[in-house]
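This is final-v3.cif (mmCIF, C-alpha atoms).
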data_start
loop_
_atom_site.label_atom_id
_atom_site.label_comp_id
_atom_site.auth_asym_id
_atom_site.auth_seq_id
_atom_site.Cartn_x
_atom_site.Cartn_y
_atom_site.Cartn_z
CA MET A 5 78.73 72.81 98.38
CA ALA A 6 79.06 69.66 100.43
CA LYS A 7 79.02 69.71 104.21
CA LEU A 8 82.46 70.84 105.38
CA ASP A 9 84.60 69.63 108.20
CA LEU A 10 85.12 73.12 109.59
CA TYR A 11 87.09 71.92 112.58
CA ASN A 12 89.69 70.42 110.27
CA ILE A 13 89.79 73.58 108.17
CA TYR A 14 90.18 75.57 111.38
CA LEU A 15 93.02 73.34 112.60
CA SER A 16 94.83 73.51 109.31
CA MET A 17 94.55 77.33 109.24
CA GLU A 18 95.70 77.48 112.83
CA ARG A 19 98.65 75.19 112.04
CA GLU A 20 99.65 77.34 109.05
CA ASP A 21 99.36 80.49 111.21
CA ILE A 22 96.98 82.22 108.82
CA ILE A 23 96.04 85.81 109.61
CA LEU A 24 93.46 86.26 106.88
CA SER A 25 92.28 84.39 103.82
CA PHE A 26 89.70 85.18 101.18
CA LYS A 27 88.37 83.73 97.95
CA GLY A 28 85.91 85.63 95.79
CA ASP A 29 85.37 88.95 94.06
CA ILE A 30 88.05 91.52 94.82
CA THR A 31 86.73 95.05 95.12
CA LYS A 32 88.25 98.29 96.36
CA GLU A 33 85.90 98.17 99.33
CA LEU A 34 87.09 94.67 100.19
CA LEU A 35 90.73 95.78 100.00
CA SER A 36 90.01 98.74 102.29
CA SER A 37 88.57 96.35 104.86
CA VAL A 38 91.54 94.02 104.50
CA TYR A 39 94.00 96.86 105.18
CA GLN A 40 92.04 97.81 108.30
CA ILE A 41 91.80 94.24 109.57
CA VAL A 42 95.48 93.52 108.98
CA GLU A 43 96.65 96.82 110.47
CA ALA A 44 94.61 96.18 113.61
CA ARG A 45 95.78 92.56 113.75
CA ILE A 46 99.51 93.25 113.46
CA GLU A 47 99.34 96.02 116.03
CA THR A 48 99.13 93.29 118.66
CA ASP A 49 102.06 91.31 117.16
CA ASN A 50 105.13 91.60 119.33
CA GLU A 51 107.36 92.52 116.41
CA ASP A 52 109.75 95.20 115.28
CA PRO A 53 107.58 98.12 114.05
CA LYS A 54 109.83 98.39 110.97
CA LYS A 55 109.08 94.80 110.04
CA LYS A 56 105.34 95.34 110.48
CA LYS A 57 105.48 98.43 108.32
CA LYS A 58 107.41 96.60 105.62
CA PHE A 59 104.89 93.77 105.73
CA PHE A 60 101.97 96.17 105.37
CA HIS A 61 103.68 97.96 102.49
CA VAL A 62 104.33 94.70 100.61
CA LEU A 63 100.80 93.52 101.37
CA VAL A 64 99.31 96.63 99.72
CA GLU A 65 101.46 96.15 96.61
CA CYS A 66 100.64 92.43 96.33
CA LEU A 67 96.90 92.96 96.68
CA GLN A 68 96.86 95.92 94.30
CA ASN A 69 98.94 94.01 91.78
CA MET A 70 96.32 91.27 91.89
CA TYR A 71 93.48 93.78 91.69
CA ASN A 72 94.97 95.49 88.65
CA HIS A 73 95.51 92.21 86.82
CA MET A 74 91.98 91.06 87.50
CA GLU A 75 90.43 94.20 86.17
CA SER A 76 92.07 93.79 82.82
CA VAL A 77 90.99 90.15 82.57
CA GLN A 78 87.41 91.12 83.37
CA ASP A 79 87.46 93.83 80.76
CA ILE A 80 88.66 91.55 78.01
CA SER A 81 86.69 88.43 78.76
CA GLY A 82 83.30 89.66 79.88
CA THR A 83 81.35 86.71 81.18
CA ASP A 84 83.93 83.98 81.67
CA GLU A 85 83.22 82.17 84.94
CA HIS A 86 86.84 82.27 86.04
CA THR A 87 87.18 86.00 86.01
CA GLY A 88 86.39 88.42 88.78
CA SER A 89 87.39 85.88 91.37
CA ALA A 90 90.72 85.48 93.11
CA ILE A 91 92.25 84.22 96.31
CA PHE A 92 94.68 85.49 98.87
CA VAL A 93 96.12 84.01 102.03
CA ILE A 94 98.11 86.09 104.50
CA GLY A 95 99.99 84.48 107.35
CA ARG A 96 103.11 84.04 109.44
CA THR A 97 106.06 81.89 108.47
CA ALA A 98 107.51 79.26 110.80
CA SER A 99 110.56 81.46 111.32
CA GLY A 100 108.53 84.44 112.52
CA GLY A 101 108.18 86.31 109.22
CA TYR A 102 105.12 87.25 107.24
CA ARG A 103 103.98 85.73 103.99
CA ILE A 104 101.50 87.03 101.43
CA ASN A 105 100.10 84.69 98.76
CA THR A 106 97.84 85.86 95.96
CA GLY A 107 96.24 83.86 93.16
CA ASN A 108 94.29 85.13 90.19
CA PHE A 109 93.48 84.30 86.59
CA ILE A 110 95.30 86.06 83.82
CA LEU A 111 95.24 85.60 80.07
CA ASN A 112 97.56 82.82 78.98
CA GLU A 113 99.12 85.09 76.40
CA ASN A 114 100.31 87.44 79.18
CA ALA A 115 101.88 84.71 81.31
CA GLY A 116 105.20 84.66 79.43
CA ILE A 117 105.76 88.42 79.74
CA LEU A 118 104.93 88.35 83.44
CA LYS A 119 107.24 85.38 84.05
CA ASP A 120 110.11 87.14 82.25
CA ARG A 121 109.55 90.32 84.26
CA ILE A 122 109.64 88.49 87.59
CA ASP A 123 112.70 86.44 86.57
CA LYS A 124 114.50 89.63 85.57
CA ILE A 125 113.65 91.29 88.91
CA ASN A 126 114.55 88.16 90.92
CA ALA A 127 118.00 88.16 89.33
CA MET A 128 118.78 91.68 90.61
CA ASN A 129 120.67 92.56 93.79
CA PRO A 130 119.38 95.40 96.04
CA GLN A 131 121.46 98.06 94.26
CA GLU A 132 120.23 96.94 90.84
CA LEU A 133 116.64 96.87 92.12
CA LYS A 134 116.93 100.44 93.39
CA ALA A 135 118.41 101.63 90.10
CA TYR A 136 115.73 99.81 88.10
CA TYR A 137 112.97 101.23 90.32
CA LEU A 138 114.26 104.77 89.84
CA GLU A 139 114.62 104.26 86.11
CA ARG A 140 111.01 103.03 85.83
CA LEU A 141 109.68 105.70 88.18
CA GLY A 142 111.38 108.46 86.23
CA ALA A 143 110.47 107.14 82.80
CA THR A 144 107.11 105.38 82.85
CA GLU A 145 103.72 106.74 82.10
CA PHE A 146 100.77 105.11 83.79
CA SER A 147 99.64 101.94 82.08
CA GLU A 148 95.94 101.60 81.28
CA LYS A 149 95.66 99.38 84.35
CA GLY A 150 96.41 102.35 86.60
CA GLY A 151 99.73 101.02 87.78
CA ALA A 152 103.11 102.41 86.88
CA GLY A 153 104.73 98.99 86.33
CA LEU A 154 106.51 99.44 89.63
CA GLY A 155 104.60 97.07 91.87
CA ILE A 156 106.62 93.90 91.24
CA ILE A 157 109.93 95.76 91.60
CA ASP A 158 108.74 97.27 94.86
CA ILE A 159 107.59 93.90 96.24
CA ALA A 160 111.08 92.49 95.62
CA ARG A 161 112.81 95.62 96.90
CA LYS A 162 110.82 95.99 100.13
CA SER A 163 110.46 92.31 101.01
CA GLY A 164 114.18 91.70 100.57
CA ASN A 165 113.39 88.23 99.20
CA LYS A 166 112.94 86.64 95.81
CA ILE A 167 109.36 86.61 94.55
CA GLU A 168 108.01 83.06 94.34
CA TYR A 169 105.48 82.39 91.63
CA ASP A 170 103.68 79.68 89.74
CA PHE A 171 101.47 79.43 86.67
CA GLN A 172 98.83 76.74 86.26
CA GLN A 173 96.84 76.29 83.08
CA PRO A 174 93.24 75.42 83.83
CA SER A 175 92.02 76.40 80.35
CA PRO A 176 93.43 77.24 76.91
CA LYS A 177 92.61 80.89 77.51
CA TYR A 178 93.53 81.42 81.15
CA ALA A 179 96.46 80.82 83.43
CA PHE A 180 96.14 80.83 87.19
CA PHE A 181 98.97 82.97 88.50
CA THR A 182 100.13 82.70 92.09
CA LEU A 183 102.58 85.07 93.71
CA SER A 184 104.16 84.69 97.09
CA ALA A 185 106.16 87.33 98.95
CA THR A 186 107.94 86.79 102.24
CA ILE A 187 109.15 89.31 104.81
CA ASN A 188 111.70 87.74 107.14
CA MET B 30 94.04 139.15 90.05
CA ILE B 31 91.79 136.19 90.74
CA ARG B 32 91.99 135.00 94.32
CA MET B 33 92.69 131.34 94.47
CA ASP B 34 90.98 128.93 96.84
CA ASN B 35 92.96 126.74 99.17
CA LEU B 36 92.70 123.01 98.64
CA ILE B 37 92.00 121.12 101.84
CA ILE B 38 91.27 117.39 101.79
CA GLU B 39 91.01 115.40 105.02
CA GLY B 40 93.05 112.21 105.09
CA THR B 41 91.54 108.73 105.18
CA GLY B 42 93.01 105.27 105.77
CA LYS B 43 93.88 105.18 102.08
CA THR B 44 94.42 108.78 101.01
CA PRO B 45 96.63 111.55 102.41
CA ASP B 46 95.83 114.77 104.23
CA ILE B 47 96.11 117.67 101.80
CA ARG B 48 96.70 121.31 102.85
CA PHE B 49 97.45 123.34 99.75
CA ASN B 50 97.47 127.00 100.65
CA ALA B 51 97.50 129.72 97.98
CA SER B 52 99.97 131.61 100.22
CA GLY B 53 102.56 129.00 99.17
CA ALA B 54 102.38 126.50 102.05
CA ILE B 55 101.80 123.08 100.52
CA GLU B 56 101.47 120.01 102.77
CA ILE B 57 100.91 116.33 102.07
CA GLY B 58 100.77 113.94 105.02
CA GLY B 59 99.48 110.56 106.16
CA LYS B 60 99.06 107.49 103.99
CA SER B 61 98.65 107.30 100.26
CA ILE B 62 97.60 103.83 99.10
CA PRO B 63 94.57 104.28 96.80
CA GLU B 64 94.11 101.71 94.01
CA ASN B 65 93.41 104.52 91.58
CA SER B 66 95.94 107.20 92.48
CA ILE B 67 95.29 109.41 89.45
CA GLY B 68 91.67 109.74 90.54
CA PHE B 69 92.85 111.19 93.84
CA TYR B 70 95.80 113.23 92.56
CA GLN B 71 94.16 114.85 89.50
CA PRO B 72 92.53 117.67 91.53
CA LEU B 73 95.94 118.25 93.15
CA TYR B 74 97.58 118.60 89.74
CA ASN B 75 94.85 121.03 88.69
CA TRP B 76 95.34 123.14 91.81
CA ILE B 77 99.10 123.32 91.32
CA ASP B 78 98.70 124.23 87.64
CA GLU B 79 96.52 127.13 88.72
CA TYR B 80 98.83 128.06 91.61
CA VAL B 81 101.82 128.23 89.28
CA ARG B 82 100.13 131.07 87.35
CA ASN B 83 100.09 133.28 90.45
CA ALA B 84 102.64 131.65 92.69
CA ALA B 85 103.78 133.19 95.97
CA ASP B 86 107.41 134.34 96.19
CA ASN B 87 108.19 131.31 98.34
CA THR B 88 106.65 127.89 97.94
CA ASP B 89 107.24 125.80 101.04
CA VAL B 90 106.40 122.13 100.52
CA LYS B 91 106.14 119.72 103.45
CA ILE B 92 105.76 116.03 102.69
CA SER B 93 105.30 113.81 105.73
CA LEU B 94 103.96 110.50 104.46
CA GLU B 95 103.82 107.40 106.63
CA TYR B 96 103.83 105.30 103.49
CA PHE B 97 102.64 105.33 99.91
CA ASN B 98 102.05 102.73 97.23
CA THR B 99 103.85 102.59 93.89
CA SER B 100 100.79 103.97 92.14
CA SER B 101 101.08 107.13 94.31
CA SER B 102 104.86 107.30 93.84
CA LYS B 103 104.39 108.30 90.21
CA CYS B 104 101.82 110.96 91.17
CA LEU B 105 104.17 112.42 93.79
CA LEU B 106 106.89 112.66 91.17
CA ASP B 107 104.49 114.45 88.81
CA ILE B 108 103.73 117.01 91.54
CA LEU B 109 107.44 117.52 92.22
CA ARG B 110 108.09 117.97 88.50
CA LYS B 111 105.44 120.68 88.30
CA LEU B 112 107.15 122.43 91.22
CA GLU B 113 110.53 121.96 89.57
CA ALA B 114 109.19 123.76 86.49
CA LEU B 115 107.89 126.54 88.75
CA GLN B 116 111.31 126.91 90.36
CA LYS B 117 113.00 126.98 86.95
CA SER B 118 110.63 129.71 85.74
CA GLY B 119 111.98 131.94 88.53
CA LYS B 120 108.47 132.91 89.67
CA SER B 121 108.82 131.30 93.08
CA LYS B 122 111.52 129.88 95.33
CA VAL B 123 110.52 126.29 96.00
CA ASN B 124 111.73 124.42 99.05
CA ILE B 125 110.93 120.75 99.76
CA SER B 126 110.98 119.31 103.28
CA TRP B 127 110.62 115.53 103.33
CA TYR B 128 109.80 114.22 106.81
CA TYR B 129 110.15 110.62 107.88
CA GLU B 130 109.64 108.89 111.19
CA ALA B 131 112.93 108.21 112.94
CA ASP B 132 114.22 104.72 112.04
CA ASP B 133 112.00 104.45 108.97
CA GLU B 134 114.81 103.86 106.50
CA ASP B 135 112.42 103.07 103.66
CA MET B 136 110.77 106.49 103.86
CA MET B 137 114.13 108.19 104.27
CA GLU B 138 115.36 106.39 101.15
CA ALA B 139 112.18 107.35 99.30
CA GLY B 140 113.04 110.99 100.01
CA GLN B 141 116.55 110.45 98.66
CA ASP B 142 115.04 108.77 95.58
CA TYR B 143 112.96 111.86 94.80
CA ASP B 144 115.87 114.16 95.56
CA SER B 145 117.82 112.32 92.86
CA LEU B 146 114.99 112.63 90.33
CA VAL B 147 114.17 116.35 90.59
CA ASP B 148 116.31 119.44 90.71
CA LEU B 149 114.89 121.16 93.81
CA PRO B 150 116.26 122.07 97.25
CA PHE B 151 115.40 118.92 99.18
CA HIS B 152 115.64 118.61 102.96
CA ILE B 153 115.21 115.15 104.40
CA ILE B 154 114.27 115.46 108.05
CA SER B 155 113.82 112.83 110.74
CA LEU B 156 110.78 113.33 113.00
#

Could you take the file, read its structure, and then write that structure out as C-alpha cells?
Amino acid sequence: MAKLDLYNIYLSMEREDIILSFKGDITKELLSSVYQIVEARIETDNEDPKKKKKFFHVLVECLQNMYNHMESVQDISGTDEHTGSAIFVIGRTASGGYRINTGNFILNENAGILKDRIDKINAMNPQELKAYYLERLGATEFSEKGGAGLGIIDIARKSGNKIEYDFQQPSPKYAFFTLSATIN
Amino acid sequence: MIRMDNLIIEGTGKTPDIRFNASGAIEIGGKSIPENSIGFYQPLYNWIDEYVRNAADNTDVKISLEYFNTSSSKCLLDILRKLEALQKSGKSKVNISWYYEADDEDMMEAGQDYDSLVDLPFHIISL
C-alpha cells in the first residue's frame, strides 16, 4: 500500500456523511459489532424513532444478504483471491435519510437470476410487495444459504424505495454486485 | 408421566429472550436477528415437539419482539404452525398475544401477517 492522504479521505467521508465503512472479510462477529456501533450511533441522531428502527431493520437485511451470498461463493470457489472479501458503506443522504451500500463478489452465472429478482421486486407497489412477501413466507423452505429468499423483498418493503443495484465484471467467473437501499 | 423441563434462554443483542414453561406459558421477546436462525430456533422446535405430547390445557403464547430479521420470520412461522397443529388436535387451547410498541406499525403489521397465515386466536396488542 502506498502512503495515503488520510486527510483527504477523511474530508471525503465527512462530506459524504458516512457513518461507517468497511472493506474486508465479513464474519458474524464483525456484523455483531456493526449492529452495536450503528445502534449506539443512531441513538444520538435527532430523528423519528420509527425511521431509525426502519433503517436498522433494513441495515440488518442488507448486511445479512451480503453475508449469505459471500458464503456460497467461498464454498464453491475455495481459494480465489476475490472471495471472502466485501465492502459496505453506511451513511446519511443529503435529504436527511439513511443509505446502505453493500458490494460483494458473486458467481457470474448467478448475476442474471439476481437481477431478474430485483427487477421483479422493484416493479411491485406496496400491496404487491406485501402479498409477495406473505406468499414466500408461507411457501418457502430455507435455502441452503440459510435465508428464506425473503431478504430482498423485505429491503424493498421496509425501505419504501426501489433497490438500486449494479453488476461489474472483473473476471470471467465473478461479478461484483452492489446493492444500495435508501430510507427517506 | 415424564416431567418436562422449562426452556429458558437469556436474550442477547442478536437473539431473543425465551421463557418456555411446561405449564403452558410460552414467551418470546426482544430482538431476533441471528445470521443462522435455524441454529437458534432448533432447540425451540424440539422443546415444542416434546411439549405437544403432554400439553397443558391452555397454552398462552406471548410474543413481544422489538424486531426480527427475515431469517427469523420463517422460524417464527414454523413455531406458530406447530402450535396450530396442537390447537387442531384438541389437546390444548392455544392463545397468541402479539405485542408491539405503540406507533411501531411494522411490528403491528407483522402480527397481522402471521394472523393471516395461521388459524389461531391472535390478539395484537399495543404496549

Got a sec to resolve the PyMOL selection byres ((chain B) within 7 of (chain A)) on this structure and send the residues as a list in words?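 Listing what the PyMOL selection byres ((chain B) within 7 of (chain A)) selects in the shown file: Glu64, Asn65, Asn98, Thr99, Ser100, Lys103, Asp133 and Leu146 of chain B.
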
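Once the PyMOL selection byres ((chain B and resi 83) around 12) is applied to the shown structure, the selection contains Met30, Ile31, Arg32, Met33, Asp34, Ala51, Ser52, Gly53, Trp76, Ile77, Asp78, Glu79, Tyr80, Val81, Arg82, Ala84, Ala85, Asp86, Asn87, Thr88, Leu115, Lys120 and Ser121 of chain B.
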
How many Å separate CA of Thr106 in chain A from CA of Arg121 in chain A?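 If I compute the distance from CA of Thr106 in chain A to CA of Arg121 in chain A, I get 17.1 Å.
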
Could you give me, as a ChimeraX atom specification, the residues within 12 Å of Glu168 in chain A, counting all atoms listed in the file and dropping anything in the same chain fewer than 5 positions from it? /A:103-107,119,122-123,125-126,156,159-160,163,181-186

Pairwise distance, CA of Val93 in chain A with CA of Cys66 in chain A, equals 11.1 Å

Between CA of Lys56 in chain A and CA of Thr31 in chain A - distance in Å to one decimal: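 Between CA of Thr31 in chain A and CA of Lys56 in chain A the gap works out to 24.1 Å.
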
Which residues, written as a list in words, have at least one atom at most 9 Å from Val147 in chain B, with only C-alpha atoms counted and residues fewer than 3 positions away on the same chain left out?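 Listing them by chain and then by number gives Leu106, Leu109, Arg110, Glu113, Tyr143 and Asp144 of chain B.
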
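Comparing the minimum interatomic distances between Glu130 in chain B and each of B:Leu73, B:Ile47, B:Val90, B:Ile154, counting all atoms listed in the file, we find that B:Ile154 sits nearest.
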
Leu36 in chain B environment, 7 Å, all atoms listed in the file, sequence neighbours closer than 2 positions dropped, as a ChimeraX atom specification: /B:34,38,48-50

Option closest in space to Glu56 in chain B, from B:Gly140, B:Gly119, B:Pro150, B:Gly40 [counting all atoms listed in the file]: B:Gly40

Output check: residues returned by the PyMOL selection byres ((chain B and resi 139) around 10), as an NGL selection string: :B and (96-97 or 102 or 127 or 129 or 134-138 or 140-145 or 153)

Output file for the residues above (C-alpha atoms, as an mmCIF file, in the coordinates of the input):
data_model
loop_
_atom_site.group_PDB
_atom_site.id
_atom_site.type_symbol
_atom_site.label_atom_id
_atom_site.label_comp_id
_atom_site.auth_asym_id
_atom_site.auth_seq_id
_atom_site.Cartn_x
_atom_site.Cartn_y
_atom_site.Cartn_z
ATOM 1 C CA TYR B 96 103.830 105.300 103.490
ATOM 2 C CA PHE B 97 102.640 105.330 99.910
ATOM 3 C CA SER B 102 104.860 107.300 93.840
ATOM 4 C CA TRP B 127 110.620 115.530 103.330
ATOM 5 C CA TYR B 129 110.150 110.620 107.880
ATOM 6 C CA GLU B 134 114.810 103.860 106.500
ATOM 7 C CA ASP B 135 112.420 103.070 103.660
ATOM 8 C CA MET B 136 110.770 106.490 103.860
ATOM 9 C CA MET B 137 114.130 108.190 104.270
ATOM 10 C CA GLU B 138 115.360 106.390 101.150
ATOM 11 C CA GLY B 140 113.040 110.990 100.010
ATOM 12 C CA GLN B 141 116.550 110.450 98.660
ATOM 13 C CA ASP B 142 115.040 108.770 95.580
ATOM 14 C CA TYR B 143 112.960 111.860 94.800
ATOM 15 C CA ASP B 144 115.870 114.160 95.560
ATOM 16 C CA SER B 145 117.820 112.320 92.860
ATOM 17 C CA ILE B 153 115.210 115.150 104.400
#

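Shortest atom-to-atom contact with Glu95 in chain B among B:Gly42, B:Ser126, B:Gly59, B:Leu149: B:Gly59, counting all atoms listed in the file.
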
Give me, as a PyMOL selection string, all polymer residues having an atom no more than 8 Å from Gly95 in chain A, counting all atoms listed in the file and skipping those fewer than 2 positions away in the same chain. chain A and resi 20-24+93+97+102-104

Looking at A:Asp49, A:Glu113, A:Asp120, A:Glu132, which one is nearest to Ala179 in chain A, with distances taken over all atoms listed in the file? A:Glu113

Identify which of the residues B:Val123, B:Ala114, B:Cys104, B:Leu94 lies closest to Gly68 in chain B, counting all atoms listed in the file when measuring atom-to-atom distances.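 With all atoms listed in the file as the atom set, the closest residue is B:Cys104.
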
Extract, using all atoms listed in the file, all DNA, RNA and protein residues at most 7 Å from Gly28 in chain A, discarding same-chain residues fewer than 4 positions from it, and format them as a VMD selection string. chain A and resid 89 to 91

May I have the centre and edge lengths, in Å to one decimal, of an axis-aligned box around the listed atoms of range 129-147 of chain B with 3 Å added to every side, as AutoDock Vina command-line options?
--center_x 113.7 --center_y 109.7 --center_z 101.6 --size_x 14.2 --size_y 19.3 --size_z 28.6

How would range 126-144 of chain A read, as a compact mmCIF listing (two decimals), in the frame of the given file, once N, CA and C atoms are built in?
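Generated file (rebuild25.txt):
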# COMPACT_ATOMS: atom_id res chain seq x y z
N ASN A 126 113.97 89.10 89.94
CA ASN A 126 114.55 88.16 90.92
C ASN A 126 116.06 88.03 90.76
N ALA A 127 116.56 88.31 89.56
CA ALA A 127 118.00 88.16 89.33
C ALA A 127 118.79 89.38 89.81
N MET A 128 118.09 90.43 90.24
CA MET A 128 118.78 91.68 90.61
C MET A 128 119.16 91.70 92.09
N ASN A 129 120.29 92.33 92.39
CA ASN A 129 120.67 92.56 93.79
C ASN A 129 120.02 93.88 94.24
N PRO A 130 120.08 94.20 95.54
CA PRO A 130 119.38 95.40 96.04
C PRO A 130 119.76 96.69 95.30
N GLN A 131 121.03 96.84 94.95
CA GLN A 131 121.46 98.06 94.26
C GLN A 131 120.84 98.14 92.86
N GLU A 132 120.82 96.99 92.19
CA GLU A 132 120.23 96.94 90.84
C GLU A 132 118.72 97.20 90.90
N LEU A 133 118.08 96.66 91.95
CA LEU A 133 116.64 96.87 92.12
C LEU A 133 116.33 98.35 92.31
N LYS A 134 117.14 99.01 93.13
CA LYS A 134 116.93 100.44 93.39
C LYS A 134 117.09 101.24 92.09
N ALA A 135 118.15 100.92 91.35
CA ALA A 135 118.41 101.63 90.10
C ALA A 135 117.27 101.40 89.09
N TYR A 136 116.80 100.15 89.04
CA TYR A 136 115.73 99.81 88.10
C TYR A 136 114.42 100.51 88.51
N TYR A 137 114.17 100.55 89.82
CA TYR A 137 112.97 101.23 90.32
C TYR A 137 113.00 102.71 89.93
N LEU A 138 114.14 103.34 90.16
CA LEU A 138 114.26 104.77 89.84
C LEU A 138 114.12 105.02 88.35
N GLU A 139 114.70 104.12 87.57
CA GLU A 139 114.62 104.26 86.11
C GLU A 139 113.16 104.19 85.66
N ARG A 140 112.42 103.20 86.21
CA ARG A 140 111.01 103.03 85.83
C ARG A 140 110.16 104.18 86.37
N LEU A 141 110.45 104.61 87.59
CA LEU A 141 109.68 105.70 88.18
C LEU A 141 109.87 106.98 87.36
N GLY A 142 111.10 107.23 86.98
CA GLY A 142 111.38 108.46 86.23
C GLY A 142 110.87 108.43 84.80
N ALA A 143 110.74 107.23 84.24
CA ALA A 143 110.47 107.14 82.80
C ALA A 143 109.04 106.77 82.46
N THR A 144 108.38 105.98 83.29
CA THR A 144 107.11 105.38 82.85
C THR A 144 105.94 106.34 82.93
